[in-house]
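Asks: Structure incoming, see below.
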Amino acid sequence: MSESRTTADFWFDPLCPWAWMTSRWMLEVEKVRPVDVRWKVMSLAVLNEDKLDELPAEYRDMLETKAWGPVRVVIAAQQLHGDEVVGKLYTALGTRFHNNGDCPTREAISGALADVGLPAELVDYAEKDTYDTELRASHKEGIEKVGQDVGTPVISVPGSDGDHIAFFGPVVTPTPRGEAAARLWDGTLLVASTPGFYEIKRTRTAAPSFE
C-alpha cells in the first residue's frame, strides 16, 4: 500500500536568502518523503511596515525600495495564471537573485518571467498595488500560524489531531540532500509537533551557500 501524501504549505519572500535555502531543502524532501509543497507568498515589507523606524538603515532601504516588486509580481502571476505557477516563478526569481547574484530589478524579474514562460507584462505589477489585498491576505494566513516574531519561511503541515503543525524555518546551510534532508524533515516535525515547544537556536557562523 502506498503511503498517503502530505501537503506542506510554504510561505516565502523571494528576496530572503535563508528562505531560499529552506525552499531548496523542501524540494529534496519531496523526493524522499511523501510530501508535496504548496508555495505561498508572504512579505518582509508587510511584516516590517509598522517598525521601519526600529530597523537598520540599510535593511529599511531594502524593504522600501526592493522588497515590494518581486512579491507583487508573484501574487499577480498567481491571481492571473493559477497556483501552479508560483513555485516555478519562485525558483526562477530565487536562482537569479541568490545563485546568480542579480539585484531584484525590473530586468531580473522580466528574465525570471521569461524563464518560466509567463507573460512579460506581469513585470508591470511590480510597481502596482493591484493585488496588494491578496498579498496581504496570503501573508496574514502564514504569519498568523506562527506569530509576528518570526520571518520567512513559514511551513505548515496537517497534524495527526486535525490541527496544523506550523513553524518558522528551519534555517540551514548548505541545503541538506538525500537522507540528510529526510532526517531534518522528520526531526523538525518531531520537535514542532511537541506541545509547548517553541524554539531551538544557535548563532549563525556561515552565510547561505547556494551551491
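The chains in the C-alpha cells are called A, B, ... from first to last as shown; in each chain the residues are counted from 1, and the ligands are counted from 1 in the order shown.
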Write out as a JSON list (two decimals) with N, CA and C atoms, in the first residue's frame the residues lying within 7 Å of Asp36 (chain A), counting only C-alpha atoms and excluding same-chain residues fewer than 4 positions away.
Replies:
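So the final result, stored in out-v4.json, reads:
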[["chain", "number", "residue", "atom", "x", "y", "z"],
["A", 6, "THR", "N", 1.33, 14.11, 2.10],
["A", 6, "THR", "CA", 1.03, 15.27, 2.92],
["A", 6, "THR", "C", 1.36, 16.54, 2.14],
["A", 7, "THR", "N", 0.51, 17.53, 2.25],
["A", 7, "THR", "CA", 0.78, 18.83, 1.64],
["A", 7, "THR", "C", 1.42, 19.74, 2.68],
["A", 8, "ALA", "N", 2.57, 20.28, 2.33],
["A", 8, "ALA", "CA", 3.26, 21.24, 3.18],
["A", 8, "ALA", "C", 3.13, 22.62, 2.55],
["A", 30, "GLU", "N", 10.61, 16.53, -0.93],
["A", 30, "GLU", "CA", 9.60, 15.96, -1.84],
["A", 30, "GLU", "C", 10.10, 14.65, -2.48]]
Asks: Using DSSP on the backbone coordinates, identify the residues of chain A assigned to strand (DSSP E); present them as a short mmCIF file (atom, residue, chain, number, x, y, z; two decimals) with N, CA and C atoms, in the first residue's frame.
Replies:
data_model
loop_
_atom_site.label_atom_id
_atom_site.label_comp_id
_atom_site.auth_asym_id
_atom_site.auth_seq_id
_atom_site.Cartn_x
_atom_site.Cartn_y
_atom_site.Cartn_z
N THR A 6 1.33 14.11 2.10
CA THR A 6 1.03 15.27 2.92
C THR A 6 1.36 16.54 2.14
N THR A 7 0.51 17.53 2.25
CA THR A 7 0.78 18.83 1.64
C THR A 7 1.42 19.74 2.68
N ALA A 8 2.57 20.28 2.33
CA ALA A 8 3.26 21.24 3.18
C ALA A 8 3.13 22.62 2.55
N ASP A 9 2.43 23.53 3.23
CA ASP A 9 2.34 24.90 2.76
C ASP A 9 3.60 25.64 3.14
N PHE A 10 4.17 26.36 2.19
CA PHE A 10 5.46 27.04 2.38
C PHE A 10 5.31 28.49 1.97
N TRP A 11 5.41 29.39 2.96
CA TRP A 11 5.31 30.83 2.70
C TRP A 11 6.71 31.41 2.55
N PHE A 12 6.93 32.17 1.49
CA PHE A 12 8.26 32.70 1.19
C PHE A 12 8.18 34.15 0.73
N VAL A 35 5.67 14.01 0.51
CA VAL A 35 5.32 15.41 0.78
C VAL A 35 5.22 16.17 -0.54
N ASP A 36 4.19 16.96 -0.66
CA ASP A 36 4.03 17.87 -1.79
C ASP A 36 4.00 19.30 -1.26
N VAL A 37 4.84 20.15 -1.81
CA VAL A 37 4.93 21.54 -1.34
C VAL A 37 3.93 22.40 -2.10
N ARG A 38 3.20 23.21 -1.35
CA ARG A 38 2.29 24.19 -1.94
C ARG A 38 2.86 25.56 -1.60
N TRP A 39 3.28 26.29 -2.63
CA TRP A 39 4.02 27.53 -2.45
C TRP A 39 3.07 28.72 -2.27
N LYS A 40 3.38 29.56 -1.27
CA LYS A 40 2.55 30.72 -0.97
C LYS A 40 3.45 31.92 -0.66
N VAL A 41 2.91 33.10 -0.85
CA VAL A 41 3.69 34.33 -0.69
C VAL A 41 3.47 34.95 0.69
N VAL A 154 7.75 30.28 6.46
CA VAL A 154 6.83 29.61 7.38
C VAL A 154 6.35 28.34 6.68
N ILE A 155 6.35 27.25 7.42
CA ILE A 155 5.89 25.97 6.89
C ILE A 155 4.75 25.47 7.76
N SER A 156 3.71 24.92 7.14
CA SER A 156 2.58 24.36 7.87
C SER A 156 2.17 23.04 7.24
N VAL A 157 1.99 22.02 8.09
CA VAL A 157 1.55 20.71 7.62
C VAL A 157 0.41 20.23 8.53
N PRO A 158 -0.47 19.38 8.01
CA PRO A 158 -1.56 18.85 8.85
C PRO A 158 -1.00 18.01 9.99
N HIS A 164 -2.99 21.92 12.60
CA HIS A 164 -1.81 22.06 11.77
C HIS A 164 -0.57 22.28 12.63
N ILE A 165 0.55 21.73 12.17
CA ILE A 165 1.85 21.98 12.76
C ILE A 165 2.52 23.07 11.92
N ALA A 166 2.81 24.20 12.52
CA ALA A 166 3.40 25.31 11.78
C ALA A 166 4.63 25.81 12.50
N PHE A 167 5.60 26.28 11.73
CA PHE A 167 6.85 26.75 12.32
C PHE A 167 7.59 27.63 11.32
N PHE A 168 8.48 28.46 11.86
CA PHE A 168 9.41 29.25 11.06
C PHE A 168 10.67 28.42 10.85
#
Asks: Go through region 51-197 of chain A and collect every residue that DSSP, computed from the backbone, puts in alpha helix (DSSP H); the answer should be as a count of residues only.
Replies: 68
Asks: Which polymer residues have any atom within 9 Å of an atom of His98 (chain A), counting only C-alpha atoms, with same-chain residues fewer than 2 positions away left out, as a PyMOL selection string?
Replies: chain A and resi 15-17+20+93-96+100-103+210
Asks: Keeping only N, CA and C atoms, write those residues as a CSV table (one decimal), in the first residue's frame.
Replies:
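Contents of again_9.csv, freshly written:
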chain,number,residue,atom,x,y,z
A,15,LEU,N,13.1,37.5,-1.8
A,15,LEU,CA,14.3,38.2,-1.5
A,15,LEU,C,15.1,37.5,-0.4
A,16,CYS,N,14.5,36.7,0.4
A,16,CYS,CA,15.2,36.2,1.6
A,16,CYS,C,16.1,35.0,1.3
A,17,PRO,N,17.4,35.2,1.5
A,17,PRO,CA,18.3,34.1,1.1
A,17,PRO,C,18.1,32.8,2.0
A,20,TRP,N,15.2,30.9,0.8
A,20,TRP,CA,15.7,30.2,-0.5
A,20,TRP,C,16.4,28.9,-0.1
A,93,LEU,N,13.0,33.3,-9.9
A,93,LEU,CA,13.5,34.5,-9.2
A,93,LEU,C,14.6,34.2,-8.3
A,94,GLY,N,14.5,33.2,-7.5
A,94,GLY,CA,15.5,32.9,-6.5
A,94,GLY,C,16.8,32.5,-7.1
A,95,THR,N,16.8,31.8,-8.2
A,95,THR,CA,18.0,31.5,-8.9
A,95,THR,C,18.7,32.7,-9.4
A,96,ARG,N,18.0,33.7,-9.9
A,96,ARG,CA,18.6,34.9,-10.3
A,96,ARG,C,19.1,35.8,-9.2
A,100,ASN,N,22.7,33.6,-8.8
A,100,ASN,CA,23.4,34.4,-9.8
A,100,ASN,C,23.8,35.8,-9.3
A,101,GLY,N,23.2,36.2,-8.1
A,101,GLY,CA,23.6,37.5,-7.5
A,101,GLY,C,23.0,38.7,-8.2
A,102,ASP,N,21.9,38.5,-8.9
A,102,ASP,CA,21.2,39.6,-9.6
A,102,ASP,C,20.5,40.5,-8.5
A,103,CYS,N,20.4,41.8,-8.7
A,103,CYS,CA,19.6,42.6,-7.9
A,103,CYS,C,18.1,42.4,-8.4
A,210,PHE,N,24.8,28.7,-1.8
A,210,PHE,CA,23.9,28.4,-2.8
A,210,PHE,C,24.3,27.4,-3.8
Asks: Name the residues in contact with region 108-120 of chain A at a cut-off of 9 Å, using only C-alpha atoms, excluding same-chain residues fewer than 6 positions from it; report them as a ChimeraX atom specification.
Replies: /A:69-70,73,77,81,85,88-97,102,126
Asks: If we count only C-alpha atoms, what is near Ser138 (chain A) at a cut-off of 9 Å, once residues fewer than 3 positions away on the same chain are taken out, given as a list in words?
Replies: Trp11, Lys40, Val41, Met42, Ser43, Ile75, Thr133, Glu134, Leu135, Glu141, Gly142 and Ile143 of chain A
Asks: Keeping C-alpha atoms for every residue in the selection just given, could you write it to a file as a PDB file, in the first residue's frame?
Replies:
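As written to disk, again16.pdb reads:
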ATOM      1  CA  TRP A  11       5.312  30.831   2.699  1.00  0.00           C
ATOM      2  CA  LYS A  40       2.551  30.719  -0.968  1.00  0.00           C
ATOM      3  CA  VAL A  41       3.689  34.326  -0.687  1.00  0.00           C
ATOM      4  CA  MET A  42       4.492  36.279   2.441  1.00  0.00           C
ATOM      5  CA  SER A  43       6.182  39.665   2.513  1.00  0.00           C
ATOM      6  CA  ILE A  75       0.982  37.305  -6.395  1.00  0.00           C
ATOM      7  CA  THR A 133      -5.142  42.891  -0.796  1.00  0.00           C
ATOM      8  CA  GLU A 134      -4.459  39.321  -1.925  1.00  0.00           C
ATOM      9  CA  LEU A 135      -0.780  39.656  -0.999  1.00  0.00           C
ATOM     10  CA  GLU A 141      -2.574  33.385   6.576  1.00  0.00           C
ATOM     11  CA  GLY A 142       1.007  32.286   7.076  1.00  0.00           C
ATOM     12  CA  ILE A 143       2.136  34.628   9.827  1.00  0.00           C
TER      13      ILE A 143
END
Asks: If you measure from CA of Trp18 (chain A) to CA of Lys201 (chain A), what distance in Å do you get, rounded to one decimal?
Replies: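 A separation of 14.4 Å between them.
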Asks: Check the smallest atom-to-atom distance from each of A:Ala76, A:Ala137, A:Leu184, A:Val146 to Val123 (chain A) using only C-alpha atoms, then report the winner.
Replies: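 Looking only at the distances to Val123 (chain A), the closest residue turns out to be A:Ala76.
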Asks: Write out as a PyMOL selection string the residues lying within 12 Å of Arg202 (chain A), counting only C-alpha atoms and excluding same-chain residues fewer than 5 positions away.
Replies: chain A and resi 170-172
Asks: Restrict the selected residues to N, CA and C atoms and save them as an mmCIF file, in the first residue's frame.
Replies:
data_model
loop_
_atom_site.group_PDB
_atom_site.id
_atom_site.type_symbol
_atom_site.label_atom_id
_atom_site.label_comp_id
_atom_site.auth_asym_id
_atom_site.auth_seq_id
_atom_site.Cartn_x
_atom_site.Cartn_y
_atom_site.Cartn_z
ATOM 1 N N PRO A 170 13.163 25.494 8.944
ATOM 2 C CA PRO A 170 14.458 25.650 9.612
ATOM 3 C C PRO A 170 15.444 26.488 8.800
ATOM 4 N N VAL A 171 16.336 27.154 9.504
ATOM 5 C CA VAL A 171 17.397 27.948 8.881
ATOM 6 C C VAL A 171 18.623 27.046 8.766
ATOM 7 N N VAL A 172 19.054 26.782 7.541
ATOM 8 C CA VAL A 172 20.100 25.780 7.357
ATOM 9 C C VAL A 172 20.920 26.095 6.106
#
Asks: Return the single residue from A:Asp129, A:Thr152, A:Arg24, A:Leu80 that is closest to Leu44 (chain A), with distances computed using only C-alpha atoms.
Replies: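 For Leu44 (chain A), the nearest of the given residues is A:Thr152.
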Asks: For region 175-179 of chain A, list every protein, DNA or RNA residue within 10 Å, evaluated using only C-alpha atoms, and leave out those in the same chain fewer than 4 positions away; present the list as a tab-separated table (two decimals) with all heavy atoms, in the first residue's frame.
Replies:
chain	number	residue	atom	x	y	z
A	20	TRP	N	15.25	30.93	0.78
A	20	TRP	CA	15.66	30.24	-0.45
A	20	TRP	C	16.37	28.93	-0.12
A	20	TRP	O	16.10	27.89	-0.72
A	20	TRP	CB	16.57	31.15	-1.27
A	20	TRP	CG	17.16	30.54	-2.50
A	20	TRP	CD1	18.47	30.25	-2.74
A	20	TRP	CD2	16.45	30.15	-3.69
A	20	TRP	NE1	18.63	29.71	-3.99
A	20	TRP	CE2	17.41	29.64	-4.60
A	20	TRP	CE3	15.11	30.18	-4.06
A	20	TRP	CZ2	17.06	29.17	-5.86
A	20	TRP	CZ3	14.76	29.71	-5.32
A	20	TRP	CH2	15.72	29.21	-6.20
A	21	MET	N	17.25	28.94	0.86
A	21	MET	CA	17.93	27.72	1.26
A	21	MET	C	16.92	26.67	1.73
A	21	MET	O	16.99	25.49	1.37
A	21	MET	CB	18.92	28.01	2.40
A	21	MET	CG	20.06	28.94	2.04
A	21	MET	SD	21.07	28.35	0.67
A	21	MET	CE	21.53	26.73	1.26
A	22	THR	N	15.96	27.10	2.55
A	22	THR	CA	14.96	26.17	3.07
A	22	THR	C	14.09	25.64	1.95
A	22	THR	O	13.71	24.46	1.96
A	22	THR	CB	14.10	26.86	4.14
A	22	THR	OG1	14.95	27.47	5.11
A	22	THR	CG2	13.19	25.86	4.84
A	23	SER	N	13.78	26.47	0.99
A	23	SER	CA	12.93	26.02	-0.12
A	23	SER	C	13.63	24.95	-0.96
A	23	SER	O	12.99	24.01	-1.44
A	23	SER	CB	12.54	27.20	-1.00
A	23	SER	OG	13.62	27.67	-1.80
A	24	ARG	N	14.94	25.07	-1.13
A	24	ARG	CA	15.66	24.05	-1.90
A	24	ARG	C	15.71	22.74	-1.11
A	24	ARG	O	15.69	21.65	-1.71
A	24	ARG	CB	17.08	24.53	-2.23
A	24	ARG	CG	17.17	25.81	-3.05
A	24	ARG	CD	16.31	25.80	-4.31
A	24	ARG	NE	14.98	26.36	-4.07
A	24	ARG	CZ	14.02	26.44	-4.99
A	24	ARG	NH1	14.23	25.97	-6.20
A	24	ARG	NH2	12.84	26.97	-4.70
A	25	TRP	N	15.77	22.85	0.19
A	25	TRP	CA	15.67	21.65	1.04
A	25	TRP	C	14.30	21.00	0.88
A	25	TRP	O	14.21	19.77	0.77
A	25	TRP	CB	15.92	22.04	2.50
A	25	TRP	CG	15.48	21.03	3.51
A	25	TRP	CD1	16.00	19.76	3.70
A	25	TRP	CD2	14.44	21.18	4.48
A	25	TRP	NE1	15.35	19.13	4.74
A	25	TRP	CE2	14.39	19.99	5.23
A	25	TRP	CE3	13.57	22.21	4.80
A	25	TRP	CZ2	13.47	19.79	6.27
A	25	TRP	CZ3	12.67	22.03	5.84
A	25	TRP	CH2	12.63	20.83	6.55
A	26	MET	N	13.25	21.79	0.82
A	26	MET	CA	11.92	21.22	0.66
A	26	MET	C	11.77	20.49	-0.66
A	26	MET	O	11.04	19.48	-0.75
A	26	MET	CB	10.84	22.30	0.79
A	26	MET	CG	10.61	22.79	2.21
A	26	MET	SD	10.16	21.48	3.39
A	26	MET	CE	8.67	20.82	2.63
A	27	LEU	N	12.44	20.93	-1.70
A	27	LEU	CA	12.42	20.19	-2.96
A	27	LEU	C	13.08	18.83	-2.79
A	27	LEU	O	12.67	17.84	-3.41
A	27	LEU	CB	13.12	20.99	-4.06
A	27	LEU	CG	12.45	22.29	-4.48
A	27	LEU	CD1	13.26	22.97	-5.60
A	27	LEU	CD2	11.01	22.07	-4.93
A	28	GLU	N	14.11	18.77	-1.95
A	28	GLU	CA	14.73	17.49	-1.63
A	28	GLU	C	13.78	16.61	-0.81
A	28	GLU	O	13.69	15.41	-1.03
A	28	GLU	CB	16.03	17.71	-0.85
A	28	GLU	CG	17.17	18.28	-1.66
A	28	GLU	CD	17.69	17.27	-2.68
A	28	GLU	OE1	17.93	16.11	-2.30
A	28	GLU	OE2	17.83	17.65	-3.85
A	29	VAL	N	13.07	17.23	0.13
A	29	VAL	CA	12.12	16.47	0.96
A	29	VAL	C	11.05	15.83	0.09
A	29	VAL	O	10.65	14.68	0.34
A	29	VAL	CB	11.48	17.40	2.02
A	29	VAL	CG1	10.33	16.69	2.75
A	29	VAL	CG2	12.52	17.87	3.02
A	31	LYS	N	11.41	14.52	-2.65
A	31	LYS	CA	11.97	13.32	-3.28
A	31	LYS	C	12.05	12.13	-2.33
A	31	LYS	O	12.06	10.98	-2.77
A	31	LYS	CB	13.37	13.62	-3.82
A	31	LYS	CG	13.44	14.72	-4.86
A	31	LYS	CD	14.88	15.02	-5.20
A	31	LYS	CE	15.02	16.20	-6.15
A	31	LYS	NZ	16.45	16.52	-6.43
A	32	VAL	N	12.17	12.41	-1.02
A	32	VAL	CA	12.49	11.35	-0.07
A	32	VAL	C	11.38	11.09	0.96
A	32	VAL	O	11.49	10.16	1.76
A	32	VAL	CB	13.82	11.65	0.65
A	32	VAL	CG1	14.98	11.61	-0.34
A	32	VAL	CG2	13.78	13.00	1.36
A	33	ARG	N	10.36	11.91	0.96
A	33	ARG	CA	9.22	11.72	1.84
A	33	ARG	C	7.94	11.99	1.05
A	33	ARG	O	7.96	12.71	0.05
A	33	ARG	CB	9.29	12.67	3.05
A	33	ARG	CG	10.38	12.33	4.06
A	33	ARG	CD	10.07	11.01	4.76
A	33	ARG	NE	11.06	10.68	5.79
A	33	ARG	CZ	12.12	9.91	5.60
A	33	ARG	NH1	12.37	9.40	4.39
A	33	ARG	NH2	12.95	9.64	6.59
A	171	VAL	N	16.34	27.15	9.50
A	171	VAL	CA	17.40	27.95	8.88
A	171	VAL	C	18.62	27.05	8.77
A	171	VAL	O	19.16	26.60	9.78
A	171	VAL	CB	17.70	29.20	9.72
A	171	VAL	CG1	18.88	29.97	9.13
A	171	VAL	CG2	16.46	30.08	9.82
A	183	ARG	N	16.10	13.23	7.25
A	183	ARG	CA	16.28	13.26	8.70
A	183	ARG	C	15.90	14.62	9.28
A	183	ARG	O	15.28	14.70	10.34
A	183	ARG	CB	17.73	12.92	9.06
A	183	ARG	CG	18.12	11.46	8.85
A	183	ARG	CD	19.41	11.12	9.58
A	183	ARG	NE	20.51	12.01	9.19
A	183	ARG	CZ	21.34	11.74	8.18
A	183	ARG	NH1	21.19	10.63	7.47
A	183	ARG	NH2	22.32	12.58	7.88
A	184	LEU	N	16.29	15.69	8.58
A	184	LEU	CA	15.95	17.02	9.07
A	184	LEU	C	14.44	17.23	9.05
A	184	LEU	O	13.88	17.81	9.97
A	184	LEU	CB	16.64	18.09	8.22
A	184	LEU	CG	16.35	19.54	8.63
A	184	LEU	CD1	16.71	19.80	10.09
A	184	LEU	CD2	17.07	20.51	7.71
A	185	TRP	N	13.77	16.74	8.03
A	185	TRP	CA	12.31	16.85	7.96
A	185	TRP	C	11.66	16.10	9.12
A	185	TRP	O	10.81	16.64	9.83
A	185	TRP	CB	11.81	16.31	6.63
A	185	TRP	CG	10.31	16.31	6.49
A	185	TRP	CD1	9.48	15.22	6.50
A	185	TRP	CD2	9.46	17.45	6.34
A	185	TRP	NE1	8.17	15.61	6.34
A	185	TRP	CE2	8.13	16.97	6.25
A	185	TRP	CE3	9.69	18.82	6.27
A	185	TRP	CZ2	7.05	17.83	6.09
A	185	TRP	CZ3	8.61	19.67	6.11
A	185	TRP	CH2	7.31	19.18	6.03
A	208	PRO	N	24.63	31.85	3.73
A	208	PRO	CA	23.98	30.86	2.88
A	208	PRO	C	24.92	30.41	1.76
A	208	PRO	O	25.58	31.22	1.12
A	208	PRO	CB	22.77	31.61	2.30
A	208	PRO	CG	22.50	32.70	3.28
A	208	PRO	CD	23.84	33.10	3.81
A	209	SER	N	24.97	29.11	1.56
A	209	SER	CA	25.76	28.53	0.46
A	209	SER	C	24.80	28.05	-0.61
A	209	SER	O	24.04	27.12	-0.40
A	209	SER	CB	26.61	27.35	0.98
A	209	SER	OG	27.24	26.69	-0.08
A	210	PHE	N	24.84	28.70	-1.78
A	210	PHE	CA	23.86	28.41	-2.82
A	210	PHE	C	24.31	27.36	-3.81
A	210	PHE	O	23.68	27.15	-4.84
A	210	PHE	CB	23.54	29.71	-3.58
A	210	PHE	CG	23.06	30.82	-2.67
A	210	PHE	CD1	23.70	32.04	-2.66
A	210	PHE	CD2	21.98	30.63	-1.83
A	210	PHE	CE1	23.27	33.06	-1.82
A	210	PHE	CE2	21.55	31.64	-0.99
A	210	PHE	CZ	22.20	32.86	-0.99
A	211	GLU	N	25.40	26.68	-3.52
A	211	GLU	CA	25.90	25.67	-4.44
A	211	GLU	C	25.02	24.44	-4.43
A	211	GLU	O	24.45	24.09	-3.42
A	211	GLU	CB	27.34	25.30	-4.08
A	211	GLU	CG	28.32	26.47	-4.22
A	211	GLU	CD	29.73	26.07	-3.87
A	211	GLU	OE1	29.94	24.88	-3.52
A	211	GLU	OE2	30.61	26.93	-3.94
Asks: Can you work out the spacing between CA of Ala192 (chain A) and CA of Gly151 (chain A) in Å, to one decimal?
Replies: 16.4 Å
